[in-house]
file query.cif (mmCIF, C-alpha atoms and all ligand atoms)
data_query
#
loop_
_atom_site.group_PDB
_atom_site.id
_atom_site.type_symbol
_atom_site.label_atom_id
_atom_site.label_comp_id
_atom_site.auth_asym_id
_atom_site.auth_seq_id
_atom_site.Cartn_x
_atom_site.Cartn_y
_atom_site.Cartn_z
ATOM 1 C CA MET A 33 0.000 0.000 0.000
ATOM 2 C CA VAL A 34 2.919 2.380 0.453
ATOM 3 C CA SER A 35 3.967 3.852 -2.864
ATOM 4 C CA GLY A 36 7.591 4.422 -3.709
ATOM 5 C CA ARG A 37 7.102 8.165 -3.438
ATOM 6 C CA GLY A 38 5.357 7.985 -0.073
ATOM 7 C CA TYR A 39 8.114 5.761 1.268
ATOM 8 C CA LYS A 40 10.821 8.160 0.150
ATOM 9 C CA ASP A 41 9.049 11.201 1.526
ATOM 10 C CA TRP A 42 8.676 9.485 4.845
ATOM 11 C CA GLN A 43 12.326 8.426 4.925
ATOM 12 C CA CYS A 44 13.316 12.008 4.219
ATOM 13 C CA LEU A 45 11.180 13.206 7.091
ATOM 14 C CA VAL A 46 12.844 10.759 9.475
ATOM 15 C CA GLN A 47 16.305 11.695 8.332
ATOM 16 C CA CYS A 48 15.643 15.431 8.575
ATOM 17 C CA LYS A 49 14.199 15.028 12.050
ATOM 18 C CA ARG A 50 16.987 12.925 13.435
ATOM 19 C CA SER A 51 19.861 15.033 12.150
ATOM 20 C CA PRO A 52 22.301 15.856 13.711
ATOM 21 C CA SER A 53 21.827 13.731 16.831
ATOM 22 C CA THR A 54 21.615 10.387 15.024
ATOM 23 C CA GLU A 55 23.626 8.466 12.515
ATOM 24 C CA ALA A 56 22.130 6.694 9.559
ATOM 25 C CA THR A 57 22.716 3.354 7.944
ATOM 26 C CA ASN A 58 21.071 2.105 4.766
ATOM 27 C CA SER A 59 18.031 0.581 6.399
ATOM 28 C CA SER A 60 18.053 1.839 9.957
ATOM 29 C CA SER A 61 19.195 4.624 12.202
ATOM 30 C CA ILE A 62 20.617 4.497 15.708
ATOM 31 C CA THR A 63 19.973 7.453 17.975
ATOM 32 C CA ARG A 64 22.566 8.563 20.486
ATOM 33 C CA THR A 65 20.418 7.023 23.221
ATOM 34 C CA GLY A 66 20.807 3.673 21.456
ATOM 35 C CA PHE A 67 17.255 3.442 20.137
ATOM 36 C CA ARG A 68 17.184 1.644 16.801
ATOM 37 C CA LEU A 69 14.610 2.868 14.339
ATOM 38 C CA SER A 70 14.230 0.521 11.427
ATOM 39 C CA THR A 71 12.717 2.532 8.594
ATOM 40 C CA HIS A 72 11.412 -0.681 7.131
ATOM 41 C CA THR A 73 9.487 -1.537 10.299
ATOM 42 C CA ALA A 74 8.338 2.033 10.747
ATOM 43 C CA VAL A 75 6.997 2.207 7.216
ATOM 44 C CA LYS A 76 5.116 -1.009 7.852
ATOM 45 C CA MET A 77 3.609 0.653 10.921
ATOM 46 C CA LEU A 78 2.341 3.435 8.701
ATOM 47 C CA THR A 79 0.589 1.034 6.378
ATOM 48 C CA SER A 80 -3.105 1.797 6.305
ATOM 49 C CA VAL A 81 -5.846 -0.492 7.549
ATOM 50 C CA LEU A 82 -6.529 -1.409 3.934
ATOM 51 C CA SER A 83 -3.944 -4.164 4.077
ATOM 52 C CA PHE A 84 -5.856 -5.850 6.901
ATOM 53 C CA THR A 85 -8.050 -8.809 6.162
ATOM 54 C CA PRO A 86 -11.624 -8.205 7.336
ATOM 55 C CA GLU A 87 -10.893 -10.450 10.337
ATOM 56 C CA MET A 88 -7.767 -8.484 11.286
ATOM 57 C CA ALA A 89 -9.616 -5.192 10.850
ATOM 58 C CA ALA A 90 -12.404 -6.437 13.137
ATOM 59 C CA THR A 91 -9.897 -7.570 15.789
ATOM 60 C CA VAL A 92 -8.016 -4.268 15.719
ATOM 61 C CA THR A 93 -11.238 -2.233 15.761
ATOM 62 C CA GLU A 94 -12.516 -4.228 18.730
ATOM 63 C CA TYR A 95 -9.253 -3.683 20.586
ATOM 64 C CA CYS A 96 -9.280 0.068 19.836
ATOM 65 C CA THR A 97 -12.951 0.359 20.830
ATOM 66 C CA ASN A 98 -12.301 -1.407 24.130
ATOM 67 C CA SER A 99 -9.271 0.806 24.771
ATOM 68 C CA SER A 100 -11.198 4.036 24.058
ATOM 69 C CA ASN A 101 -13.954 5.934 25.815
ATOM 70 C CA ASP A 102 -17.166 3.973 26.056
ATOM 71 C CA VAL A 103 -20.192 5.387 24.262
ATOM 72 C CA SER A 104 -23.360 5.843 26.298
ATOM 73 C CA GLY A 105 -26.133 3.322 26.866
ATOM 74 C CA ASP A 106 -28.366 5.394 24.581
ATOM 75 C CA MET A 107 -25.815 5.180 21.777
ATOM 76 C CA LYS A 108 -25.473 1.421 22.278
ATOM 77 C CA GLU A 109 -29.245 1.072 22.205
ATOM 78 C CA LEU A 110 -29.579 3.156 19.011
ATOM 79 C CA TRP A 111 -26.755 1.192 17.402
ATOM 80 C CA ASP A 112 -28.499 -2.130 18.122
ATOM 81 C CA TRP A 113 -31.842 -0.805 16.926
ATOM 82 C CA THR A 114 -30.355 0.477 13.660
ATOM 83 C CA VAL A 115 -28.532 -2.789 12.977
ATOM 84 C CA GLY A 116 -31.751 -4.725 13.586
ATOM 85 C CA GLU A 117 -33.878 -2.379 11.507
ATOM 86 C CA PHE A 118 -31.835 -1.620 8.360
ATOM 87 C CA GLU A 119 -29.968 -3.940 6.018
ATOM 88 C CA ASP A 120 -27.554 -1.176 5.043
ATOM 89 C CA SER A 121 -26.692 -0.327 8.660
ATOM 90 C CA ASP A 122 -22.996 -0.334 7.745
ATOM 91 C CA LYS A 123 -23.705 3.240 6.665
ATOM 92 C CA MET A 124 -23.907 4.151 10.339
ATOM 93 C CA SER A 125 -20.748 5.321 12.092
ATOM 94 C CA SER A 126 -19.048 2.771 14.345
ATOM 95 C CA PRO A 127 -18.973 3.134 18.145
ATOM 96 C CA LEU A 128 -15.270 3.988 17.864
ATOM 97 C CA GLN A 129 -16.103 6.750 15.381
ATOM 98 C CA GLY A 130 -18.809 7.923 17.774
ATOM 99 C CA ALA A 131 -16.263 8.125 20.578
ATOM 100 C CA THR A 132 -13.893 10.002 18.249
ATOM 101 C CA MET A 133 -16.593 12.532 17.316
ATOM 102 C CA GLN A 134 -17.366 13.138 20.963
ATOM 103 C CA PHE A 135 -13.671 13.571 21.741
ATOM 104 C CA LEU A 136 -13.276 16.133 18.934
ATOM 105 C CA ALA A 137 -16.479 18.034 19.764
ATOM 106 C CA GLN A 138 -15.285 18.547 23.326
ATOM 107 C CA LEU A 139 -11.713 19.311 22.316
ATOM 108 C CA LEU A 140 -12.934 22.042 19.979
ATOM 109 C CA GLY A 141 -15.627 23.269 22.368
ATOM 110 C CA ALA A 142 -18.064 23.103 19.467
ATOM 111 C CA LYS A 143 -21.047 25.430 19.736
ATOM 112 C CA ARG A 144 -22.536 24.702 16.330
ATOM 113 C CA ILE A 145 -22.242 21.528 14.259
ATOM 114 C CA LEU A 146 -23.390 20.726 10.735
ATOM 115 C CA GLU A 147 -23.804 17.138 9.656
ATOM 116 C CA ILE A 148 -24.361 16.206 6.010
ATOM 117 C CA GLY A 149 -25.969 12.746 6.067
ATOM 118 C CA CYS A 150 -27.979 11.829 9.179
ATOM 119 C CA TYR A 151 -29.007 8.206 8.436
ATOM 120 C CA SER A 152 -30.593 6.945 11.706
ATOM 121 C CA GLY A 153 -29.244 9.781 13.852
ATOM 122 C CA TYR A 154 -26.368 7.878 15.504
ATOM 123 C CA SER A 155 -23.743 10.552 14.835
ATOM 124 C CA ALA A 156 -26.258 13.299 15.681
ATOM 125 C CA LEU A 157 -26.743 11.628 19.070
ATOM 126 C CA ALA A 158 -22.965 11.480 19.521
ATOM 127 C CA TRP A 159 -22.670 15.224 18.830
ATOM 128 C CA TYR A 160 -25.658 15.982 21.037
ATOM 129 C CA GLU A 161 -24.324 14.122 24.066
ATOM 130 C CA ALA A 162 -20.830 15.572 23.704
ATOM 131 C CA THR A 163 -22.000 19.184 23.582
ATOM 132 C CA LYS A 164 -24.193 19.403 26.669
ATOM 133 C CA GLN A 165 -21.827 21.956 28.202
ATOM 134 C CA THR A 166 -21.646 24.181 25.140
ATOM 135 C CA ASN A 167 -25.346 23.718 24.391
ATOM 136 C CA ALA A 168 -24.456 23.352 20.718
ATOM 137 C CA GLU A 169 -26.964 23.567 17.913
ATOM 138 C CA ILE A 170 -26.700 20.562 15.605
ATOM 139 C CA ILE A 171 -28.068 20.816 12.080
ATOM 140 C CA THR A 172 -28.280 17.517 10.237
ATOM 141 C CA LEU A 173 -29.284 16.960 6.601
ATOM 142 C CA GLU A 174 -31.066 13.916 5.190
ATOM 143 C CA LEU A 175 -32.709 13.085 1.864
ATOM 144 C CA ASP A 176 -34.137 9.550 2.160
ATOM 145 C CA PRO A 177 -37.728 9.500 3.545
ATOM 146 C CA LYS A 178 -37.084 6.197 5.337
ATOM 147 C CA MET A 179 -34.050 7.617 7.113
ATOM 148 C CA ILE A 180 -35.822 10.908 7.796
ATOM 149 C CA ALA A 181 -38.460 8.895 9.667
ATOM 150 C CA ALA A 182 -35.762 6.957 11.554
ATOM 151 C CA SER A 183 -33.944 10.185 12.441
ATOM 152 C CA ARG A 184 -37.150 11.833 13.650
ATOM 153 C CA ARG A 185 -37.739 8.795 15.872
ATOM 154 C CA THR A 186 -34.195 9.092 17.255
ATOM 155 C CA ILE A 187 -34.551 12.825 17.894
ATOM 156 C CA ALA A 188 -37.820 12.244 19.794
ATOM 157 C CA LYS A 189 -36.724 9.111 21.677
ATOM 158 C CA TYR A 190 -33.498 10.646 22.979
ATOM 159 C CA LYS A 191 -35.081 14.087 23.562
ATOM 160 C CA MET A 192 -32.756 15.963 21.246
ATOM 161 C CA ALA A 193 -35.297 18.299 19.625
ATOM 162 C CA ASP A 194 -34.148 21.282 21.676
ATOM 163 C CA ARG A 195 -30.796 21.348 19.847
ATOM 164 C CA VAL A 196 -30.915 18.955 16.890
ATOM 165 C CA HIS A 197 -32.560 20.303 13.738
ATOM 166 C CA LEU A 198 -33.104 17.972 10.822
ATOM 167 C CA ILE A 199 -33.397 19.584 7.393
ATOM 168 C CA GLU A 200 -35.079 17.329 4.844
ATOM 169 C CA GLY A 201 -34.075 17.302 1.188
ATOM 170 C CA LYS A 202 -31.006 17.341 -1.024
ATOM 171 C CA ALA A 203 -27.950 18.425 0.932
ATOM 172 C CA GLN A 204 -26.849 20.766 -1.848
ATOM 173 C CA ASP A 205 -30.131 22.700 -1.590
ATOM 174 C CA SER A 206 -30.165 22.643 2.212
ATOM 175 C CA ILE A 207 -26.612 23.989 2.456
ATOM 176 C CA GLU A 208 -27.658 26.956 0.305
ATOM 177 C CA THR A 209 -30.190 27.958 2.999
ATOM 178 C CA LEU A 210 -27.651 27.932 5.851
ATOM 179 C CA THR A 211 -26.191 31.039 7.437
ATOM 180 C CA GLY A 212 -23.669 31.691 10.197
ATOM 181 C CA THR A 213 -20.720 29.436 10.951
ATOM 182 C CA PHE A 214 -20.144 25.931 12.257
ATOM 183 C CA ASP A 215 -17.271 24.692 14.428
ATOM 184 C CA ILE A 216 -17.497 21.142 13.100
ATOM 185 C CA ILE A 217 -18.868 20.070 9.737
ATOM 186 C CA PHE A 218 -19.219 16.327 9.244
ATOM 187 C CA VAL A 219 -19.480 15.373 5.563
ATOM 188 C CA ASP A 220 -20.956 11.871 5.431
ATOM 189 C CA ALA A 221 -23.531 11.661 2.607
ATOM 190 C CA ASN A 222 -23.329 10.682 -1.079
ATOM 191 C CA LYS A 223 -19.682 10.461 -2.046
ATOM 192 C CA ASP A 224 -20.138 12.125 -5.442
ATOM 193 C CA GLY A 225 -21.377 15.219 -3.581
ATOM 194 C CA TYR A 226 -18.358 15.819 -1.336
ATOM 195 C CA GLU A 227 -16.624 18.253 -3.684
ATOM 196 C CA THR A 228 -19.807 20.283 -4.194
ATOM 197 C CA TYR A 229 -20.561 20.389 -0.459
ATOM 198 C CA VAL A 230 -17.082 21.467 0.591
ATOM 199 C CA LYS A 231 -16.974 24.106 -2.177
ATOM 200 C CA GLN A 232 -20.351 25.451 -0.985
ATOM 201 C CA ILE A 233 -19.140 25.492 2.630
ATOM 202 C CA LEU A 234 -15.989 27.392 1.711
ATOM 203 C CA ASP A 235 -17.703 29.819 -0.701
ATOM 204 C CA LYS A 236 -20.412 30.601 1.859
ATOM 205 C CA LYS A 237 -17.818 30.751 4.671
ATOM 206 C CA LEU A 238 -19.881 28.356 6.769
ATOM 207 C CA LEU A 239 -16.801 27.057 8.589
ATOM 208 C CA SER A 240 -15.798 29.062 11.674
ATOM 209 C CA PRO A 241 -12.243 30.478 11.728
ATOM 210 C CA ASN A 242 -10.923 27.612 13.901
ATOM 211 C CA GLY A 243 -13.439 25.067 12.664
ATOM 212 C CA LEU A 244 -12.918 21.557 11.351
ATOM 213 C CA ILE A 245 -14.459 19.824 8.353
ATOM 214 C CA MET A 246 -14.328 16.052 8.699
ATOM 215 C CA CYS A 247 -15.124 13.959 5.615
ATOM 216 C CA ASP A 248 -15.781 10.240 6.077
ATOM 217 C CA ASN A 249 -15.162 7.311 3.689
ATOM 218 C CA VAL A 250 -12.686 9.171 1.547
ATOM 219 C CA PHE A 251 -10.972 5.871 0.672
ATOM 220 C CA ALA A 252 -14.209 4.443 -0.744
ATOM 221 C CA ARG A 253 -13.122 1.062 0.643
ATOM 222 C CA GLY A 254 -9.759 1.617 -1.055
ATOM 223 C CA MET A 255 -11.113 2.273 -4.562
ATOM 224 C CA THR A 256 -10.065 5.947 -4.406
ATOM 225 C CA ILE A 257 -6.461 4.830 -4.261
ATOM 226 C CA SER A 258 -6.613 1.983 -6.745
ATOM 227 C CA THR A 259 -9.067 -0.670 -7.859
ATOM 228 C CA GLU A 260 -6.346 -3.130 -6.733
ATOM 229 C CA ALA A 261 -6.086 -1.633 -3.263
ATOM 230 C CA ASN A 262 -8.598 -3.850 -1.496
ATOM 231 C CA PRO A 263 -8.744 -7.512 -2.479
ATOM 232 C CA HIS A 264 -11.291 -8.099 0.303
ATOM 233 C CA LEU A 265 -14.003 -5.857 -1.157
ATOM 234 C CA PRO A 266 -16.972 -8.059 -2.160
ATOM 235 C CA GLY A 267 -17.734 -8.118 -5.892
ATOM 236 C CA LYS A 268 -21.354 -7.101 -5.291
ATOM 237 C CA VAL A 269 -20.412 -3.661 -3.936
ATOM 238 C CA ARG A 270 -17.258 -3.180 -6.007
ATOM 239 C CA PRO A 271 -18.910 -1.247 -8.908
ATOM 240 C CA TYR A 272 -20.597 1.154 -6.464
ATOM 241 C CA TRP A 273 -17.402 1.867 -4.536
ATOM 242 C CA THR A 274 -15.381 2.113 -7.760
ATOM 243 C CA GLU A 275 -17.628 4.979 -8.892
ATOM 244 C CA CYS A 276 -17.363 6.579 -5.442
ATOM 245 C CA GLY A 277 -13.594 6.240 -5.679
ATOM 246 C CA LYS A 278 -13.513 8.209 -8.950
ATOM 247 C CA ALA A 279 -15.521 11.053 -7.402
ATOM 248 C CA LEU A 280 -13.416 11.042 -4.243
ATOM 249 C CA LYS A 281 -10.197 11.149 -6.233
ATOM 250 C CA ARG A 282 -11.466 14.389 -7.790
ATOM 251 C CA PHE A 283 -12.455 15.571 -4.325
ATOM 252 C CA ASN A 284 -8.988 14.833 -2.924
ATOM 253 C CA ASN A 285 -7.372 16.752 -5.793
ATOM 254 C CA PHE A 286 -9.667 19.663 -5.083
ATOM 255 C CA CYS A 287 -8.751 19.657 -1.354
ATOM 256 C CA LYS A 288 -5.053 19.423 -2.063
ATOM 257 C CA ASN A 289 -5.132 22.331 -4.523
ATOM 258 C CA ASP A 290 -7.618 24.808 -3.032
ATOM 259 C CA PRO A 291 -5.457 27.642 -1.661
ATOM 260 C CA ARG A 292 -7.994 28.525 1.043
ATOM 261 C CA ILE A 293 -7.557 25.343 3.063
ATOM 262 C CA ASP A 294 -5.165 22.991 4.819
ATOM 263 C CA THR A 295 -6.030 19.339 4.389
ATOM 264 C CA VAL A 296 -4.880 15.953 5.702
ATOM 265 C CA LEU A 297 -6.204 12.585 4.635
ATOM 266 C CA MET A 298 -5.851 10.165 7.541
ATOM 267 C CA PRO A 299 -5.616 6.403 6.890
ATOM 268 C CA VAL A 300 -8.105 5.590 9.633
ATOM 269 C CA TYR A 301 -11.433 3.808 9.294
ATOM 270 C CA ASP A 302 -12.383 4.145 5.589
ATOM 271 C CA GLY A 303 -10.174 7.228 5.174
ATOM 272 C CA VAL A 304 -11.022 10.500 6.904
ATOM 273 C CA THR A 305 -10.086 13.923 5.534
ATOM 274 C CA PHE A 306 -9.620 16.829 7.930
ATOM 275 C CA ILE A 307 -9.897 20.341 6.494
ATOM 276 C CA LYS A 308 -9.377 23.734 8.123
ATOM 277 C CA TRP A 309 -8.916 27.245 6.854
ATOM 278 C CA LYS A 310 -5.336 28.074 5.941
ATOM 279 C CA GLN A 311 -3.914 30.577 8.446
HETATM 280 C C1 LIG A 401 -23.255 7.263 5.605
HETATM 281 S S1 LIG A 401 -24.890 7.693 5.938
HETATM 282 C C2 LIG A 401 -24.765 8.809 7.292
HETATM 283 C C3 LIG A 401 -24.361 8.145 8.558
HETATM 284 C C4 LIG A 401 -24.455 8.991 9.817
HETATM 285 N N1 LIG A 401 -23.799 10.269 9.658
HETATM 286 C C5 LIG A 401 -23.818 8.243 10.948
HETATM 287 O O1 LIG A 401 -22.679 8.558 11.276
HETATM 288 O O2 LIG A 401 -24.430 7.313 11.484
HETATM 289 C C6 LIG A 401 -25.256 8.761 4.596
HETATM 290 C C7 LIG A 401 -26.653 9.338 4.618
HETATM 291 O O3 LIG A 401 -26.683 10.409 3.664
HETATM 292 C C8 LIG A 401 -27.940 10.409 3.032
HETATM 293 N N2 LIG A 401 -27.815 11.081 1.728
HETATM 294 C C9 LIG A 401 -27.357 10.560 0.578
HETATM 295 N N3 LIG A 401 -27.390 11.473 -0.409
HETATM 296 C C10 LIG A 401 -27.883 12.605 0.136
HETATM 297 C C11 LIG A 401 -28.153 13.912 -0.363
HETATM 298 N N4 LIG A 401 -27.910 14.232 -1.639
HETATM 299 N N5 LIG A 401 -28.644 14.822 0.489
HETATM 300 C C12 LIG A 401 -28.887 14.517 1.782
HETATM 301 N N6 LIG A 401 -28.637 13.306 2.329
HETATM 302 C C13 LIG A 401 -28.150 12.355 1.517
HETATM 303 C C14 LIG A 401 -28.307 8.941 2.904
HETATM 304 O O4 LIG A 401 -29.692 8.776 2.746
HETATM 305 C C15 LIG A 401 -27.746 8.365 4.200
HETATM 306 O O5 LIG A 401 -28.740 8.294 5.192
#

call {"tool": "encode", "arguments": {"input": "query.cif", "output": "structure tokens"}}
result
Amino acid sequence: MVSGRGYKDWQCLVQCKRSPSTEATNSSSITRTGFRLSTHTAVKMLTSVLSFTPEMAATVTEYCTNSSNDVSGDMKELWDWTVGEFEDSDKMSSPLQGATMQFLAQLLGAKRILEIGCYSGYSALAWYEATKQTNAEIITLELDPKMIAASRRTIAKYKMADRVHLIEGKAQDSIETLTGTFDIIFVDANKDGYETYVKQILDKKLLSPNGLIMCDNVFARGMTISTEANPHLPGKVRPYWTECGKALKRFNNFCKNDPRIDTVLMPVYDGVTFIKWKQ
């Protein structure tokens, strides 16, 4: 998974960082404190989750989930309900992602959050719970009538209506109606819309000065990187994710080249892009 260029760039970074207090050999470096850093091993450590078999990915995710903050009983209950109710419940964020969202919302002291793609309201509940102190407003967008009904149920059941506002319809149209700024914007809807949504957000200056845009599934199960990247992707869903991958490749090029923003694509989960205003 690590391209020749990526490998070289990383090696350069290591060598620049360790100079002048370390000495280099061809494949490893020894610091003055005697610590041996094998670049080969370290590069392996950087390899993304895509090289995991589904079983390995499940084991690692379980370990990380158990080693991270627990999500609430309400979130566990909603998770179970969604899995039981919808065949495509893999669209829902994982408990570990939920814990990550809550961590970030509190770290950033978010007072206003925009979510593009509500599904059954699991991530909206995560944002809601994490922002009790800041009393944040959460605006979430959803198109599918079935998921609008599920989200409305979630909002009522977990008493979120005071701060969670669901806007029905196409995200592109809904974003046009928004004003003010958001401290976190979670982009998690149709993958061929990501570029449009982020352009709209930037053009309308909907992101607060220190805000964070977080875009999920930017790997498209690996298809963004290469159609060879994920031998474990089932054939049934491969054409769908291949198309998503093409759109997300364009999106990644846009992020990399837009002079208004800083961007990092993290090899976690199914690829998560973080965007902030350039300062
Ligand atoms: C991946 S799911 C969202 C998952 C949710 N954020 C979570 O973490 O549990 C994507 C959702 O976006 C919705 N969606 C897809 N295209 C959309 C569009 N053009 N406008 C609004 N919502 C859309 C889908 O119906 C689906 O419910």

call {"tool": "closest_residue", "arguments": {"input": "query.cif", "among": "A:Ala142, A:Asp248, A:Leu175, A:Leu265", "to": "Leu297 in chain A", "atoms": "all atoms listed in the file"}}
result
A:Asp248

call {"tool": "residues_near_ligand", "arguments": {"input": "query.cif", "ligand": "ligand LIG 401 (chain A)", "cutoff": "6 Å", "atoms": "all atoms listed in the file", "output": "ChimeraX atom specification"}}
result
/A:123-125,149-151,153-155,173-176,179,201-203,220-222

call {"tool": "resolve_selection", "arguments": {"input": "query.cif", "expression": "the PyMOL selection byres (((chain A and resi 236) around 12) and not hetatm)", "output": "MDAnalysis selection string"}}
result
chainID A and resid 207:214 228:235 237:240

call {"tool": "write_last_selection", "arguments": {"input": "query.cif", "atoms": "C-alpha atoms", "output": "PDB file, in the frame of the given file"}}
result
ATOM      1  CA  ILE A 207     -26.612  23.989   2.456  1.00  0.00           C
ATOM      2  CA  GLU A 208     -27.658  26.956   0.305  1.00  0.00           C
ATOM      3  CA  THR A 209     -30.190  27.958   2.999  1.00  0.00           C
ATOM      4  CA  LEU A 210     -27.651  27.932   5.851  1.00  0.00           C
ATOM      5  CA  THR A 211     -26.191  31.039   7.437  1.00  0.00           C
ATOM      6  CA  GLY A 212     -23.669  31.691  10.197  1.00  0.00           C
ATOM      7  CA  THR A 213     -20.720  29.436  10.951  1.00  0.00           C
ATOM      8  CA  PHE A 214     -20.144  25.931  12.257  1.00  0.00           C
ATOM      9  CA  THR A 228     -19.807  20.283  -4.194  1.00  0.00           C
ATOM     10  CA  TYR A 229     -20.561  20.389  -0.459  1.00  0.00           C
ATOM     11  CA  VAL A 230     -17.082  21.467   0.591  1.00  0.00           C
ATOM     12  CA  LYS A 231     -16.974  24.106  -2.177  1.00  0.00           C
ATOM     13  CA  GLN A 232     -20.351  25.451  -0.985  1.00  0.00           C
ATOM     14  CA  ILE A 233     -19.140  25.492   2.630  1.00  0.00           C
ATOM     15  CA  LEU A 234     -15.989  27.392   1.711  1.00  0.00           C
ATOM     16  CA  ASP A 235     -17.703  29.819  -0.701  1.00  0.00           C
ATOM     17  CA  LYS A 237     -17.818  30.751   4.671  1.00  0.00           C
ATOM     18  CA  LEU A 238     -19.881  28.356   6.769  1.00  0.00           C
ATOM     19  CA  LEU A 239     -16.801  27.057   8.589  1.00  0.00           C
ATOM     20  CA  SER A 240     -15.798  29.062  11.674  1.00  0.00           C
TER      21      SER A 240
END

call {"tool": "resolve_selection", "arguments": {"input": "query.cif", "expression": "the PyMOL selection byres (((chain A and resi 249) around 12) and not hetatm)", "output": "ChimeraX atom specification"}}
result
/A:122-125,129,218-224,226,246-248,250-256,273,276-277,279-281,283-284,297-306

call {"tool": "atom_distance", "arguments": {"input": "query.cif", "atom1": "CA of Ala131 in chain A", "atom2": "CA of Ile180 in chain A"}}
result
23.5 Å

call {"tool": "residues_around", "arguments": {"input": "query.cif", "residues": "Leu146 in chain A", "least_positions_apart": "3", "cutoff": "6 Å", "atoms": "only C-alpha atoms", "output": "list in words"}}
result
Ile170, Ile171, Thr172 and Ile217 of chain A

call {"tool": "write_last_selection", "arguments": {"input": "query.cif", "atoms": "C-alpha atoms", "output": "compact mmCIF listing (two decimals), keeping the file's coordinate frame"}}
result
# COMPACT_ATOMS: atom_id res chain seq x y z
CA ILE A 170 -26.70 20.56 15.60
CA ILE A 171 -28.07 20.82 12.08
CA THR A 172 -28.28 17.52 10.24
CA ILE A 217 -18.87 20.07 9.74

call {"tool": "closest_residue", "arguments": {"input": "query.cif", "among": "A:Val115, A:Leu244, A:Ala181, A:Pro266", "to": "Val296 in chain A", "atoms": "all atoms listed in the file"}}
result
A:Leu244

call {"tool": "build_atoms", "arguments": {"input": "query.cif", "residues": "range 163-176 of chain A", "atoms": "N, CA and C atoms", "output": "PDB file, in the coordinates of the input"}}
result
ATOM      1  N   THR A 163     -21.981  17.713  23.551  1.00  0.00           N
ATOM      2  CA  THR A 163     -22.000  19.184  23.582  1.00  0.00           C
ATOM      3  C   THR A 163     -23.020  19.717  24.593  1.00  0.00           C
ATOM      4  N   LYS A 164     -23.246  18.935  25.637  1.00  0.00           N
ATOM      5  CA  LYS A 164     -24.193  19.403  26.669  1.00  0.00           C
ATOM      6  C   LYS A 164     -23.687  20.684  27.310  1.00  0.00           C
ATOM      7  N   GLN A 165     -22.373  20.765  27.525  1.00  0.00           N
ATOM      8  CA  GLN A 165     -21.827  21.956  28.202  1.00  0.00           C
ATOM      9  C   GLN A 165     -21.887  23.197  27.325  1.00  0.00           C
ATOM     10  N   THR A 166     -21.643  23.009  26.031  1.00  0.00           N
ATOM     11  CA  THR A 166     -21.646  24.181  25.140  1.00  0.00           C
ATOM     12  C   THR A 166     -23.035  24.450  24.575  1.00  0.00           C
ATOM     13  N   ASN A 167     -23.964  23.534  24.848  1.00  0.00           N
ATOM     14  CA  ASN A 167     -25.346  23.718  24.391  1.00  0.00           C
ATOM     15  C   ASN A 167     -25.408  23.916  22.867  1.00  0.00           C
ATOM     16  N   ALA A 168     -24.614  23.131  22.161  1.00  0.00           N
ATOM     17  CA  ALA A 168     -24.456  23.352  20.718  1.00  0.00           C
ATOM     18  C   ALA A 168     -25.737  23.080  19.938  1.00  0.00           C
ATOM     19  N   GLU A 169     -25.916  23.872  18.897  1.00  0.00           N
ATOM     20  CA  GLU A 169     -26.964  23.567  17.913  1.00  0.00           C
ATOM     21  C   GLU A 169     -26.376  22.579  16.906  1.00  0.00           C
ATOM     22  N   ILE A 170     -27.165  21.566  16.576  1.00  0.00           N
ATOM     23  CA  ILE A 170     -26.700  20.562  15.605  1.00  0.00           C
ATOM     24  C   ILE A 170     -27.698  20.548  14.447  1.00  0.00           C
ATOM     25  N   ILE A 171     -27.205  20.872  13.268  1.00  0.00           N
ATOM     26  CA  ILE A 171     -28.068  20.816  12.080  1.00  0.00           C
ATOM     27  C   ILE A 171     -27.642  19.596  11.275  1.00  0.00           C
ATOM     28  N   THR A 172     -28.606  18.741  10.963  1.00  0.00           N
ATOM     29  CA  THR A 172     -28.280  17.517  10.237  1.00  0.00           C
ATOM     30  C   THR A 172     -29.170  17.406   9.001  1.00  0.00           C
ATOM     31  N   LEU A 173     -28.595  16.962   7.895  1.00  0.00           N
ATOM     32  CA  LEU A 173     -29.284  16.960   6.601  1.00  0.00           C
ATOM     33  C   LEU A 173     -29.544  15.521   6.152  1.00  0.00           C
ATOM     34  N   GLU A 174     -30.736  15.277   5.660  1.00  0.00           N
ATOM     35  CA  GLU A 174     -31.066  13.916   5.190  1.00  0.00           C
ATOM     36  C   GLU A 174     -32.071  14.010   4.053  1.00  0.00           C
ATOM     37  N   LEU A 175     -31.903  13.103   3.086  1.00  0.00           N
ATOM     38  CA  LEU A 175     -32.709  13.085   1.864  1.00  0.00           C
ATOM     39  C   LEU A 175     -33.737  11.956   1.842  1.00  0.00           C
ATOM     40  N   ASP A 176     -33.343  10.777   2.310  1.00  0.00           N
ATOM     41  CA  ASP A 176     -34.137   9.550   2.160  1.00  0.00           C
ATOM     42  C   ASP A 176     -35.317   9.543   3.155  1.00  0.00           C
TER      43      ASP A 176
END
